[in-house]
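Source file: work_26.cif (mmCIF, C-alpha atoms)
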```cif
data_entry
#
loop_
_atom_site.label_atom_id
_atom_site.label_comp_id
_atom_site.auth_asym_id
_atom_site.auth_seq_id
_atom_site.Cartn_x
_atom_site.Cartn_y
_atom_site.Cartn_z
CA MET A 1 36.91 41.69 8.33
CA SER A 2 37.54 37.93 8.08
CA ASN A 3 37.96 36.52 4.57
CA GLN A 4 36.93 33.02 5.69
CA ILE A 5 33.35 31.86 5.08
CA HIS A 6 31.88 28.99 7.09
CA LEU A 7 28.18 28.27 6.56
CA ASP A 8 26.00 25.21 7.22
CA ILE A 9 22.37 25.31 6.07
CA GLU A 10 19.65 22.68 5.79
CA VAL A 11 17.59 22.83 2.59
CA PRO A 12 13.88 23.24 3.43
CA ALA A 13 11.48 20.71 1.91
CA GLU A 14 9.77 23.34 -0.26
CA TYR A 15 12.90 23.55 -2.44
CA ALA A 16 12.48 19.97 -3.66
CA GLY A 17 13.07 19.70 -7.39
CA GLN A 18 14.93 23.00 -7.75
CA ARG A 19 18.45 23.49 -9.10
CA PHE A 20 21.34 23.54 -6.65
CA ASP A 21 22.43 27.06 -7.69
CA GLN A 22 18.88 28.42 -7.45
CA VAL A 23 18.47 27.02 -3.94
CA ALA A 24 21.87 28.39 -2.91
CA ALA A 25 21.03 31.84 -4.27
CA ASP A 26 17.83 31.85 -2.19
CA LEU A 27 19.37 30.54 1.02
CA ILE A 28 22.65 32.50 0.79
CA PRO A 29 21.52 35.83 -0.71
CA GLU A 30 24.57 37.78 0.44
CA TYR A 31 26.61 36.30 -2.44
CA SER A 32 25.89 36.58 -6.15
CA ARG A 33 24.60 33.59 -8.06
CA ALA A 34 27.72 33.62 -10.25
CA ARG A 35 29.96 33.42 -7.18
CA LEU A 36 27.87 30.59 -5.70
CA GLN A 37 28.04 28.70 -8.99
CA ALA A 38 31.83 29.04 -8.95
CA TRP A 39 31.95 27.69 -5.40
CA ILE A 40 29.70 24.77 -6.35
CA LYS A 41 31.94 23.93 -9.32
CA GLY A 42 35.05 24.29 -7.19
CA GLY A 43 33.75 22.04 -4.41
CA GLN A 44 33.67 24.76 -1.75
CA LEU A 45 29.86 24.53 -1.61
CA THR A 46 28.61 20.97 -1.22
CA ALA A 47 25.34 19.13 -0.56
CA ASP A 48 25.53 16.37 2.05
CA GLY A 49 29.31 16.48 1.73
CA ARG A 50 29.24 15.70 -2.00
CA THR A 51 30.31 17.90 -4.87
CA ALA A 52 27.64 18.51 -7.48
CA LYS A 53 26.88 20.62 -10.53
CA PRO A 54 24.97 23.92 -10.34
CA LYS A 55 22.13 22.42 -12.43
CA ASP A 56 21.72 19.29 -10.27
CA LYS A 57 18.35 18.99 -8.52
CA LEU A 58 17.97 18.98 -4.76
CA TYR A 59 15.21 17.15 -2.90
CA GLY A 60 14.99 18.97 0.42
CA GLY A 61 16.68 18.02 3.67
CA GLU A 62 20.23 18.19 2.29
CA GLN A 63 22.92 19.87 4.38
CA LEU A 64 24.65 22.60 2.44
CA ARG A 65 28.18 23.24 3.58
CA LEU A 66 30.16 26.28 2.42
CA ARG A 67 33.86 26.57 3.17
CA ALA A 68 35.41 29.33 1.08
CA GLU A 69 37.71 32.30 1.22
CA LEU A 70 36.98 35.70 -0.25
CA GLU A 71 39.81 36.66 -2.55
CA PRO A 72 40.82 40.16 -3.64
CA GLN A 73 38.85 41.03 -6.76
CA GLY A 74 41.57 42.97 -8.59
CA GLU A 75 45.19 44.10 -8.53
CA TRP A 76 44.22 47.69 -7.75
CA LEU A 77 46.29 50.06 -5.66
CA ALA A 78 44.88 51.75 -2.58
CA GLN A 79 45.49 55.51 -2.80
CA ASP A 80 44.62 58.11 -0.20
CA MET A 81 42.39 60.85 -1.54
CA ALA A 82 39.82 63.27 -0.15
CA LEU A 83 36.38 61.74 -0.57
CA ASP A 84 33.25 63.84 -0.09
CA ILE A 85 31.28 61.26 1.90
CA VAL A 86 27.61 62.19 2.22
CA TYR A 87 26.58 59.07 4.16
CA GLU A 88 28.25 55.92 5.45
CA ASP A 89 27.31 52.90 7.54
CA ASP A 90 28.41 49.26 7.61
CA ALA A 91 26.58 48.40 4.39
CA ILE A 92 26.78 51.39 2.04
CA LEU A 93 28.73 54.53 1.27
CA VAL A 94 27.28 57.52 -0.59
CA ILE A 95 29.77 59.85 -2.24
CA ASN A 96 29.49 63.26 -3.91
CA LYS A 97 31.91 62.71 -6.79
CA PRO A 98 33.65 65.79 -8.19
CA ALA A 99 33.92 66.39 -11.92
CA GLY A 100 37.25 65.19 -13.28
CA LEU A 101 37.47 62.05 -11.13
CA VAL A 102 37.42 58.75 -13.03
CA VAL A 103 35.36 56.08 -11.26
CA HIS A 104 37.18 52.87 -12.26
CA PRO A 105 40.71 52.11 -13.52
CA ALA A 106 40.92 51.46 -17.25
CA ALA A 107 43.28 51.99 -20.15
CA GLY A 108 44.66 55.49 -19.82
CA ASN A 109 43.56 55.73 -16.16
CA PRO A 110 45.36 52.93 -14.29
CA ASP A 111 45.13 54.69 -10.92
CA GLY A 112 44.02 57.90 -9.25
CA THR A 113 40.41 56.78 -9.60
CA LEU A 114 37.52 56.68 -7.15
CA LEU A 115 38.04 52.93 -6.81
CA ASN A 116 41.64 53.50 -5.64
CA GLY A 117 40.39 56.00 -3.07
CA LEU A 118 37.73 53.58 -1.84
CA LEU A 119 40.35 50.90 -1.20
CA ALA A 120 42.33 53.32 0.96
CA HIS A 121 39.23 54.44 2.86
CA CYS A 122 37.92 50.91 3.41
CA PRO A 123 40.43 48.11 2.61
CA GLY A 124 37.70 45.46 2.82
CA GLN A 125 36.38 46.74 -0.51
CA GLN A 126 39.07 44.64 -2.21
CA ASN A 127 36.94 41.54 -1.51
CA ILE A 128 33.92 42.92 -3.36
CA PRO A 129 33.72 42.93 -7.18
CA ARG A 130 34.59 46.37 -8.57
CA ALA A 131 35.25 47.44 -4.97
CA GLY A 132 31.50 47.74 -4.39
CA ILE A 133 30.83 50.13 -7.27
CA VAL A 134 27.36 49.27 -8.62
CA HIS A 135 26.81 52.22 -10.97
CA ARG A 136 29.04 54.86 -12.49
CA LEU A 137 29.22 58.51 -13.37
CA ASP A 138 31.26 59.75 -16.33
CA LYS A 139 34.59 61.33 -15.45
CA ASP A 140 33.25 64.86 -16.04
CA THR A 141 29.84 64.35 -14.43
CA SER A 142 29.60 65.36 -10.78
CA GLY A 143 27.28 64.18 -8.03
CA LEU A 144 25.93 61.28 -6.02
CA MET A 145 26.99 57.66 -6.21
CA VAL A 146 26.24 54.74 -3.88
CA VAL A 147 28.87 52.10 -3.16
CA ALA A 148 28.25 48.72 -1.49
CA LYS A 149 30.46 47.76 1.46
CA THR A 150 29.35 44.12 1.67
CA LEU A 151 28.56 41.43 -0.86
CA GLN A 152 24.98 41.28 0.42
CA ALA A 153 24.56 45.03 -0.05
CA GLN A 154 26.06 44.80 -3.52
CA ALA A 155 23.66 42.05 -4.59
CA ASP A 156 20.69 43.98 -3.19
CA LEU A 157 21.67 47.28 -4.85
CA VAL A 158 22.23 45.55 -8.19
CA ASP A 159 18.73 44.05 -7.89
CA GLN A 160 17.27 47.48 -7.05
CA LEU A 161 18.91 48.97 -10.13
CA LYS A 162 17.54 46.14 -12.27
CA GLU A 163 14.07 46.56 -10.78
CA ARG A 164 14.32 50.35 -11.33
CA THR A 165 13.52 51.21 -7.74
CA VAL A 166 16.60 53.45 -7.42
CA THR A 167 15.80 57.10 -8.18
CA ARG A 168 18.57 59.11 -9.86
CA LEU A 169 17.90 62.76 -10.67
CA TYR A 170 20.30 64.99 -12.58
CA ASP A 171 20.56 68.71 -13.24
CA ALA A 172 21.51 69.46 -16.85
CA ILE A 173 22.14 72.74 -18.68
CA VAL A 174 21.34 72.22 -22.35
CA HIS A 175 21.37 74.17 -25.57
CA GLY A 176 18.02 75.41 -26.89
CA ASN A 177 14.64 76.24 -25.42
CA LEU A 178 12.20 73.58 -24.30
CA SER A 179 8.55 74.33 -23.62
CA GLY A 180 8.12 71.68 -20.92
CA GLY A 181 9.01 68.15 -19.92
CA GLY A 182 9.04 64.92 -21.83
CA LYS A 183 10.38 61.42 -22.20
CA VAL A 184 13.05 60.04 -24.50
CA ASP A 185 12.55 56.36 -25.23
CA ALA A 186 15.34 55.56 -27.66
CA PRO A 187 17.44 52.34 -27.58
CA MET A 188 21.18 52.85 -27.36
CA GLY A 189 24.40 51.08 -28.18
CA ARG A 190 27.99 51.68 -29.23
CA HIS A 191 28.40 54.14 -32.11
CA ARG A 192 28.95 52.31 -35.39
CA THR A 193 32.13 54.18 -36.38
CA ASN A 194 33.36 56.13 -33.33
CA ARG A 195 33.95 53.61 -30.55
CA LEU A 196 34.37 56.36 -27.97
CA LYS A 197 30.74 57.35 -28.43
CA MET A 198 27.36 55.83 -27.71
CA ALA A 199 24.43 56.41 -30.04
CA VAL A 200 20.70 55.92 -30.48
CA LEU A 201 20.28 52.68 -32.44
CA PRO A 202 16.80 51.96 -33.82
CA ASN A 203 17.90 48.37 -34.49
CA GLY A 204 19.92 46.34 -32.04
CA GLY A 205 20.19 48.91 -29.25
CA LYS A 206 19.42 48.26 -25.58
CA GLU A 207 16.37 49.83 -23.98
CA ALA A 208 17.13 53.38 -22.78
CA ILE A 209 14.57 55.74 -21.22
CA THR A 210 15.16 59.24 -19.86
CA HIS A 211 12.51 61.53 -18.36
CA TYR A 212 13.10 65.27 -18.22
CA ARG A 213 11.30 68.38 -17.07
CA LEU A 214 12.02 72.06 -17.56
CA GLN A 215 13.25 73.86 -14.45
CA GLU A 216 14.32 77.19 -15.91
CA ARG A 217 14.43 78.72 -19.38
CA PHE A 218 16.95 81.26 -20.67
CA ARG A 219 17.22 82.99 -24.05
CA VAL A 220 18.73 80.03 -25.92
CA HIS A 221 19.45 77.57 -23.11
CA SER A 222 17.46 75.56 -20.56
CA LEU A 223 18.01 74.03 -17.14
CA LEU A 224 16.50 70.54 -16.98
CA ARG A 225 15.93 67.96 -14.28
CA CYS A 226 16.52 64.52 -15.83
CA GLN A 227 15.56 61.17 -14.34
CA LEU A 228 17.06 57.89 -15.48
CA GLU A 229 14.70 54.97 -15.88
CA THR A 230 17.52 52.88 -17.33
CA GLY A 231 21.23 53.49 -16.90
CA ARG A 232 23.11 53.20 -20.18
CA THR A 233 26.58 54.67 -20.66
CA HIS A 234 26.31 58.41 -21.54
CA GLN A 235 22.51 58.03 -21.57
CA ILE A 236 21.45 61.59 -20.70
CA ARG A 237 24.15 63.06 -22.94
CA VAL A 238 23.11 60.92 -25.92
CA HIS A 239 19.37 61.38 -25.40
CA MET A 240 19.60 65.15 -25.07
CA ALA A 241 21.72 65.34 -28.23
CA HIS A 242 19.21 63.05 -29.94
CA ILE A 243 16.37 65.53 -29.34
CA ARG A 244 18.69 68.37 -30.45
CA HIS A 245 19.29 69.80 -27.00
CA PRO A 246 22.86 68.68 -26.25
CA LEU A 247 24.51 69.51 -22.96
CA VAL A 248 26.58 72.65 -22.66
CA GLY A 249 30.27 71.76 -22.63
CA ASP A 250 29.81 68.25 -24.04
CA SER A 251 32.64 68.07 -26.55
CA LEU A 252 31.76 64.50 -27.54
CA TYR A 253 28.09 65.01 -28.45
CA CYS A 254 27.79 68.75 -29.14
CA THR A 255 29.65 70.08 -32.14
CA ARG A 256 28.57 73.71 -31.86
CA GLY A 257 26.05 75.35 -29.58
CA LYS A 258 24.06 78.50 -30.27
CA LEU A 259 25.01 81.68 -28.40
CA PRO A 260 22.55 84.38 -27.25
CA THR A 261 22.58 87.32 -29.66
CA GLY A 262 24.41 90.29 -28.17
CA ALA A 263 25.35 88.38 -25.01
CA ASP A 264 27.88 89.73 -22.55
CA PRO A 265 31.41 88.57 -23.47
CA GLU A 266 31.75 86.90 -20.07
CA LEU A 267 28.75 84.69 -20.83
CA VAL A 268 30.00 83.93 -24.34
CA THR A 269 33.36 82.86 -22.95
CA ALA A 270 31.74 80.78 -20.19
CA LEU A 271 29.59 78.92 -22.72
CA GLN A 272 32.39 78.36 -25.21
CA LYS A 273 34.98 77.35 -22.62
CA PHE A 274 32.84 75.38 -20.17
CA PRO A 275 35.27 72.55 -19.40
CA ARG A 276 32.87 69.62 -19.13
CA GLN A 277 29.33 68.47 -19.79
CA ALA A 278 27.05 70.55 -17.55
CA LEU A 279 25.58 67.51 -15.78
CA HIS A 280 25.24 66.87 -12.05
CA ALA A 281 23.73 63.90 -10.20
CA ALA A 282 21.79 65.94 -7.64
CA GLU A 283 19.47 63.41 -5.97
CA LEU A 284 19.64 59.74 -5.12
CA ALA A 285 16.98 57.60 -3.45
CA LEU A 286 16.97 53.88 -2.69
CA PHE A 287 16.01 51.27 -0.10
CA HIS A 288 18.69 50.44 2.43
CA PRO A 289 19.98 46.96 1.47
CA GLU A 290 19.89 45.67 5.06
CA THR A 291 16.96 47.43 6.73
CA GLY A 292 14.73 48.16 3.74
CA GLU A 293 14.38 51.74 4.98
CA PRO A 294 13.85 54.39 2.25
CA MET A 295 16.96 56.59 1.96
CA HIS A 296 17.25 59.92 0.15
CA TRP A 297 20.14 62.31 -0.43
CA VAL A 298 20.45 65.67 -2.18
CA VAL A 299 23.62 67.63 -2.96
CA PRO A 300 23.84 71.14 -4.44
CA MET A 301 25.25 71.92 -7.85
CA PRO A 302 29.01 72.47 -7.97
CA GLU A 303 30.38 75.98 -8.32
CA ASP A 304 31.12 75.81 -12.06
CA MET A 305 27.48 75.13 -12.93
CA LEU A 306 26.22 77.70 -10.41
CA GLN A 307 28.45 80.35 -11.97
CA LEU A 308 27.20 79.52 -15.46
CA LEU A 309 23.58 79.71 -14.27
CA ALA A 310 24.25 83.11 -12.69
CA LEU A 311 25.52 84.43 -16.04
CA LEU A 312 22.55 82.93 -17.90
CA ARG A 313 20.12 84.53 -15.43
CA ALA A 314 21.83 87.91 -15.76
CA ASP A 315 21.52 87.63 -19.54
CA ASN A 316 17.82 86.82 -19.16
CA ARG A 317 17.03 90.10 -17.44
#
```

Can you turn what I pasted into structure tokens?
Amino acid sequence: MSNQIHLDIEVPAEYAGQRFDQVAADLIPEYSRARLQAWIKGGQLTADGRTAKPKDKLYGGEQLRLRAELEPQGEWLAQDMALDIVYEDDAILVINKPAGLVVHPAAGNPDGTLLNGLLAHCPGQQNIPRAGIVHRLDKDTSGLMVVAKTLQAQADLVDQLKERTVTRLYDAIVHGNLSGGGKVDAPMGRHRTNRLKMAVLPNGGKEAITHYRLQERFRVHSLLRCQLETGRTHQIRVHMAHIRHPLVGDSLYCTRGKLPTGADPELVTALQKFPRQALHAAELALFHPETGEPMHWVVPMPEDMLQLLALLRADNR
């Protein structure tokens, strides 16, 4: 993949009176507006051979000239790892992430992350912000993620997430019995005292909406199918705890879960020792960023959740 960009575009007359950066974003949609603004400021993107400011007005008929080089977006290390690739083409990659895999390097996890594996699988990802990662799963949440392989695909997927046209469905095993489905509409933000946690914030939180429906009920637990309308950090975990049905195994948001009276010791141990939040991103649907074709993927629950469900079903009999 060449890192050199050479583009020459004439501005149509209908763009008269619009800002330079707005026109560029429309005519060169494969790059983000922030990147185009940086190129305008740096002189790599010019109008009629002249440097200008992003806010300057164009009049139509100008020749836009882009001469730039894509630079690596981080100092990350490429590391070979086994990736469970569900789908891949030239624009996107869909991965079934295992529980325990961190998505992005950060303090405490400088490498060994999904991002490092992506760079080894496809070195061109280094030229895309965050190596093409447009949404994340918590370390201990398993399931489907989509990754962009081009800047155009990244911009399109980000827009789809903003427009809420991406469908993300999760399986969750929670404490307590629910009688049916519902919706949690509760703004979220960083916890006031524990910075590792997120929390429902009636004042000052960002919009957060989760839909859920009951799939299966056990004596004192339930299997839910949750759908994200927004995508806040820890959203399903926080919302389920907020309605007093925290996820099994969620050590951050569930202090102590109720156990079925007289349950088999194997079930008691499985519930008490479940090593992670029982949450799995089971379905993903979106529009292909290049063709516009509807795409849909489903992956089964991982073995740890299936084993727990088997014990819960045996206890139900």

Discussion item. Could you list, as JSON, numbers by chain, every residue matched by the PyMOL selection byres ((chain A and resi 92-96) around 6) in this structure?
Written reply: {"A": [84, 85, 86, 87, 88, 89, 91, 97, 143, 144, 145, 146, 147, 148, 149]}

Worksheet item: Using only C-alpha atoms, which residues sit within 12 Å of Asp304 in chain A once same-chain residues fewer than 5 positions away are excluded, as a ChimeraX atom specification?
Response: /A:98-99,140-142,173,248-249,270-271,273-280,309-311

Item to complete: Would you work out the distance separating CA of Gly49 in chain A from CA of Ala16 in chain A, expressed in Å to one decimal?
Response: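 Between CA of Gly49 in chain A and CA of Ala16 in chain A the gap is 18.0 Å.
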
I'd like to see the residues matched by the PyMOL selection byres ((chain A and resi 199) around 8) on this file, and ideally I'd get them as a CSV table (one decimal) with C-alpha atoms, in the frame of the given file.
```csv
chain,number,residue,atom,x,y,z
A,188,MET,CA,21.2,52.8,-27.4
A,189,GLY,CA,24.4,51.1,-28.2
A,190,ARG,CA,28.0,51.7,-29.2
A,191,HIS,CA,28.4,54.1,-32.1
A,197,LYS,CA,30.7,57.4,-28.4
A,198,MET,CA,27.4,55.8,-27.7
A,200,VAL,CA,20.7,55.9,-30.5
A,201,LEU,CA,20.3,52.7,-32.4
A,238,VAL,CA,23.1,60.9,-25.9
```

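Interatomic distance, CA of Asn316 in chain A against CA of Leu178 in chain A: 15.3 Å.
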
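One distance worth recording is that between CA of Leu58 in chain A and CA of Val11 in chain A, which is 8.3 Å.
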
Using the chain letters and residue numbers of this document, give as a PDB file with C-alpha atoms, in the frame of the given file the residues selected by the PyMOL selection byres ((chain A and resi 208) around 10).
```
ATOM      1  CA  VAL A 184      13.050  60.040 -24.500  1.00  0.00           C
ATOM      2  CA  ASP A 185      12.550  56.360 -25.230  1.00  0.00           C
ATOM      3  CA  ALA A 186      15.340  55.560 -27.660  1.00  0.00           C
ATOM      4  CA  PRO A 187      17.440  52.340 -27.580  1.00  0.00           C
ATOM      5  CA  MET A 188      21.180  52.850 -27.360  1.00  0.00           C
ATOM      6  CA  GLY A 189      24.400  51.080 -28.180  1.00  0.00           C
ATOM      7  CA  VAL A 200      20.700  55.920 -30.480  1.00  0.00           C
ATOM      8  CA  GLY A 205      20.190  48.910 -29.250  1.00  0.00           C
ATOM      9  CA  LYS A 206      19.420  48.260 -25.580  1.00  0.00           C
ATOM     10  CA  GLU A 207      16.370  49.830 -23.980  1.00  0.00           C
ATOM     11  CA  ILE A 209      14.570  55.740 -21.220  1.00  0.00           C
ATOM     12  CA  THR A 210      15.160  59.240 -19.860  1.00  0.00           C
ATOM     13  CA  LEU A 228      17.060  57.890 -15.480  1.00  0.00           C
ATOM     14  CA  GLU A 229      14.700  54.970 -15.880  1.00  0.00           C
ATOM     15  CA  THR A 230      17.520  52.880 -17.330  1.00  0.00           C
ATOM     16  CA  GLY A 231      21.230  53.490 -16.900  1.00  0.00           C
ATOM     17  CA  ARG A 232      23.110  53.200 -20.180  1.00  0.00           C
ATOM     18  CA  THR A 233      26.580  54.670 -20.660  1.00  0.00           C
ATOM     19  CA  GLN A 235      22.510  58.030 -21.570  1.00  0.00           C
ATOM     20  CA  ILE A 236      21.450  61.590 -20.700  1.00  0.00           C
ATOM     21  CA  HIS A 239      19.370  61.380 -25.400  1.00  0.00           C
TER      22      HIS A 239
END
```

Worksheet item: Which is closest to Arg217 in chain A among A:Ala285, A:Val298, A:Pro123, A:Arg317, if we use only C-alpha atoms?
Response: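 Between A:Ala285, A:Val298, A:Pro123, A:Arg317, the residue approaching Arg217 in chain A most closely is A:Arg317.
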
To box range 27-46 of chain A, take all atoms listed in the file, fit an axis-aligned box, add 6 Å on each side, and give centre and edge lengths in Å to one decimal, as lines of an AutoDock Vina configuration file.
```
center_x = 27.2
center_y = 29.4
center_z = -4.6
size_x = 27.7
size_y = 28.8
size_z = 23.3
```

Item to complete: Identify the residues around (28.0, 29.3, -10.4) within a radius of 10 Å, measuring from only C-alpha atoms in the coordinates stated by the file, and give them as a VMD selection string.
Response: chain A and resid 20 to 22 24 to 25 32 to 42 53 to 55

Restricting it to C-alpha atoms, dump the selection as a tab-separated table (two decimals), in the coordinates of the input.
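As a result, selection-v5.tsv now contains:
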```tsv
chain	number	residue	atom	x	y	z
A	20	PHE	CA	21.34	23.54	-6.65
A	21	ASP	CA	22.43	27.06	-7.69
A	22	GLN	CA	18.88	28.42	-7.45
A	24	ALA	CA	21.87	28.39	-2.91
A	25	ALA	CA	21.03	31.84	-4.27
A	32	SER	CA	25.89	36.58	-6.15
A	33	ARG	CA	24.60	33.59	-8.06
A	34	ALA	CA	27.72	33.62	-10.25
A	35	ARG	CA	29.96	33.42	-7.18
A	36	LEU	CA	27.87	30.59	-5.70
A	37	GLN	CA	28.04	28.70	-8.99
A	38	ALA	CA	31.83	29.04	-8.95
A	39	TRP	CA	31.95	27.69	-5.40
A	40	ILE	CA	29.70	24.77	-6.35
A	41	LYS	CA	31.94	23.93	-9.32
A	42	GLY	CA	35.05	24.29	-7.19
A	53	LYS	CA	26.88	20.62	-10.53
A	54	PRO	CA	24.97	23.92	-10.34
A	55	LYS	CA	22.13	22.42	-12.43
```

Discussion item. With all atoms listed in the file as the counted atoms, please give the residues lying no more than 6 Å from Gln63 in chain A, apart from itself and same-chain residues fewer than 4 positions off, as an MDAnalysis selection string.
Written reply: chainID A and resid 9:10 47:48

Go ahead and save the picked residues with C-alpha atoms, as a PDB file, in the coordinates of the input.
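Output file selection_17.pdb is given in full below:
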```
ATOM      1  CA  ILE A   9      22.370  25.310   6.070  1.00  0.00           C
ATOM      2  CA  GLU A  10      19.650  22.680   5.790  1.00  0.00           C
ATOM      3  CA  ALA A  47      25.340  19.130  -0.560  1.00  0.00           C
ATOM      4  CA  ASP A  48      25.530  16.370   2.050  1.00  0.00           C
TER       5      ASP A  48
END
```

Could N, CA and C atoms be built for range 99-111 of chain A and written out as a PDB file, keeping the file's coordinate frame?
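Saved the output as part_26.pdb:
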```pdb
ATOM      1  N   ALA A  99      33.586  66.497 -10.498  1.00  0.00           N
ATOM      2  CA  ALA A  99      33.920  66.390 -11.920  1.00  0.00           C
ATOM      3  C   ALA A  99      35.422  66.214 -12.059  1.00  0.00           C
ATOM      4  N   GLY A 100      35.834  65.408 -13.035  1.00  0.00           N
ATOM      5  CA  GLY A 100      37.250  65.190 -13.280  1.00  0.00           C
ATOM      6  C   GLY A 100      37.795  63.917 -12.661  1.00  0.00           C
ATOM      7  N   LEU A 101      37.021  63.285 -11.780  1.00  0.00           N
ATOM      8  CA  LEU A 101      37.470  62.050 -11.130  1.00  0.00           C
ATOM      9  C   LEU A 101      36.916  60.841 -11.876  1.00  0.00           C
ATOM     10  N   VAL A 102      37.819  59.994 -12.379  1.00  0.00           N
ATOM     11  CA  VAL A 102      37.420  58.750 -13.030  1.00  0.00           C
ATOM     12  C   VAL A 102      36.959  57.762 -11.970  1.00  0.00           C
ATOM     13  N   VAL A 103      35.918  56.998 -12.265  1.00  0.00           N
ATOM     14  CA  VAL A 103      35.360  56.080 -11.260  1.00  0.00           C
ATOM     15  C   VAL A 103      36.162  54.802 -11.136  1.00  0.00           C
ATOM     16  N   HIS A 104      36.594  54.222 -12.266  1.00  0.00           N
ATOM     17  CA  HIS A 104      37.180  52.870 -12.260  1.00  0.00           C
ATOM     18  C   HIS A 104      38.434  52.856 -13.123  1.00  0.00           C
ATOM     19  N   PRO A 105      39.506  52.192 -12.676  1.00  0.00           N
ATOM     20  CA  PRO A 105      40.710  52.110 -13.520  1.00  0.00           C
ATOM     21  C   PRO A 105      40.407  51.469 -14.869  1.00  0.00           C
ATOM     22  N   ALA A 106      41.065  51.986 -15.893  1.00  0.00           N
ATOM     23  CA  ALA A 106      40.920  51.460 -17.250  1.00  0.00           C
ATOM     24  C   ALA A 106      42.131  51.926 -18.041  1.00  0.00           C
ATOM     25  N   ALA A 107      42.183  51.542 -19.293  1.00  0.00           N
ATOM     26  CA  ALA A 107      43.280  51.990 -20.150  1.00  0.00           C
ATOM     27  C   ALA A 107      43.330  53.507 -20.161  1.00  0.00           C
ATOM     28  N   GLY A 108      44.500  54.044 -19.873  1.00  0.00           N
ATOM     29  CA  GLY A 108      44.660  55.490 -19.820  1.00  0.00           C
ATOM     30  C   GLY A 108      44.449  56.069 -18.429  1.00  0.00           C
ATOM     31  N   ASN A 109      43.783  55.303 -17.549  1.00  0.00           N
ATOM     32  CA  ASN A 109      43.560  55.730 -16.160  1.00  0.00           C
ATOM     33  C   ASN A 109      43.816  54.548 -15.230  1.00  0.00           C
ATOM     34  N   PRO A 110      45.084  54.121 -15.095  1.00  0.00           N
ATOM     35  CA  PRO A 110      45.360  52.930 -14.290  1.00  0.00           C
ATOM     36  C   PRO A 110      45.209  53.150 -12.798  1.00  0.00           C
ATOM     37  N   ASP A 111      45.278  54.417 -12.348  1.00  0.00           N
ATOM     38  CA  ASP A 111      45.130  54.690 -10.920  1.00  0.00           C
ATOM     39  C   ASP A 111      44.601  56.111 -10.754  1.00  0.00           C
TER      40      ASP A 111
END
```
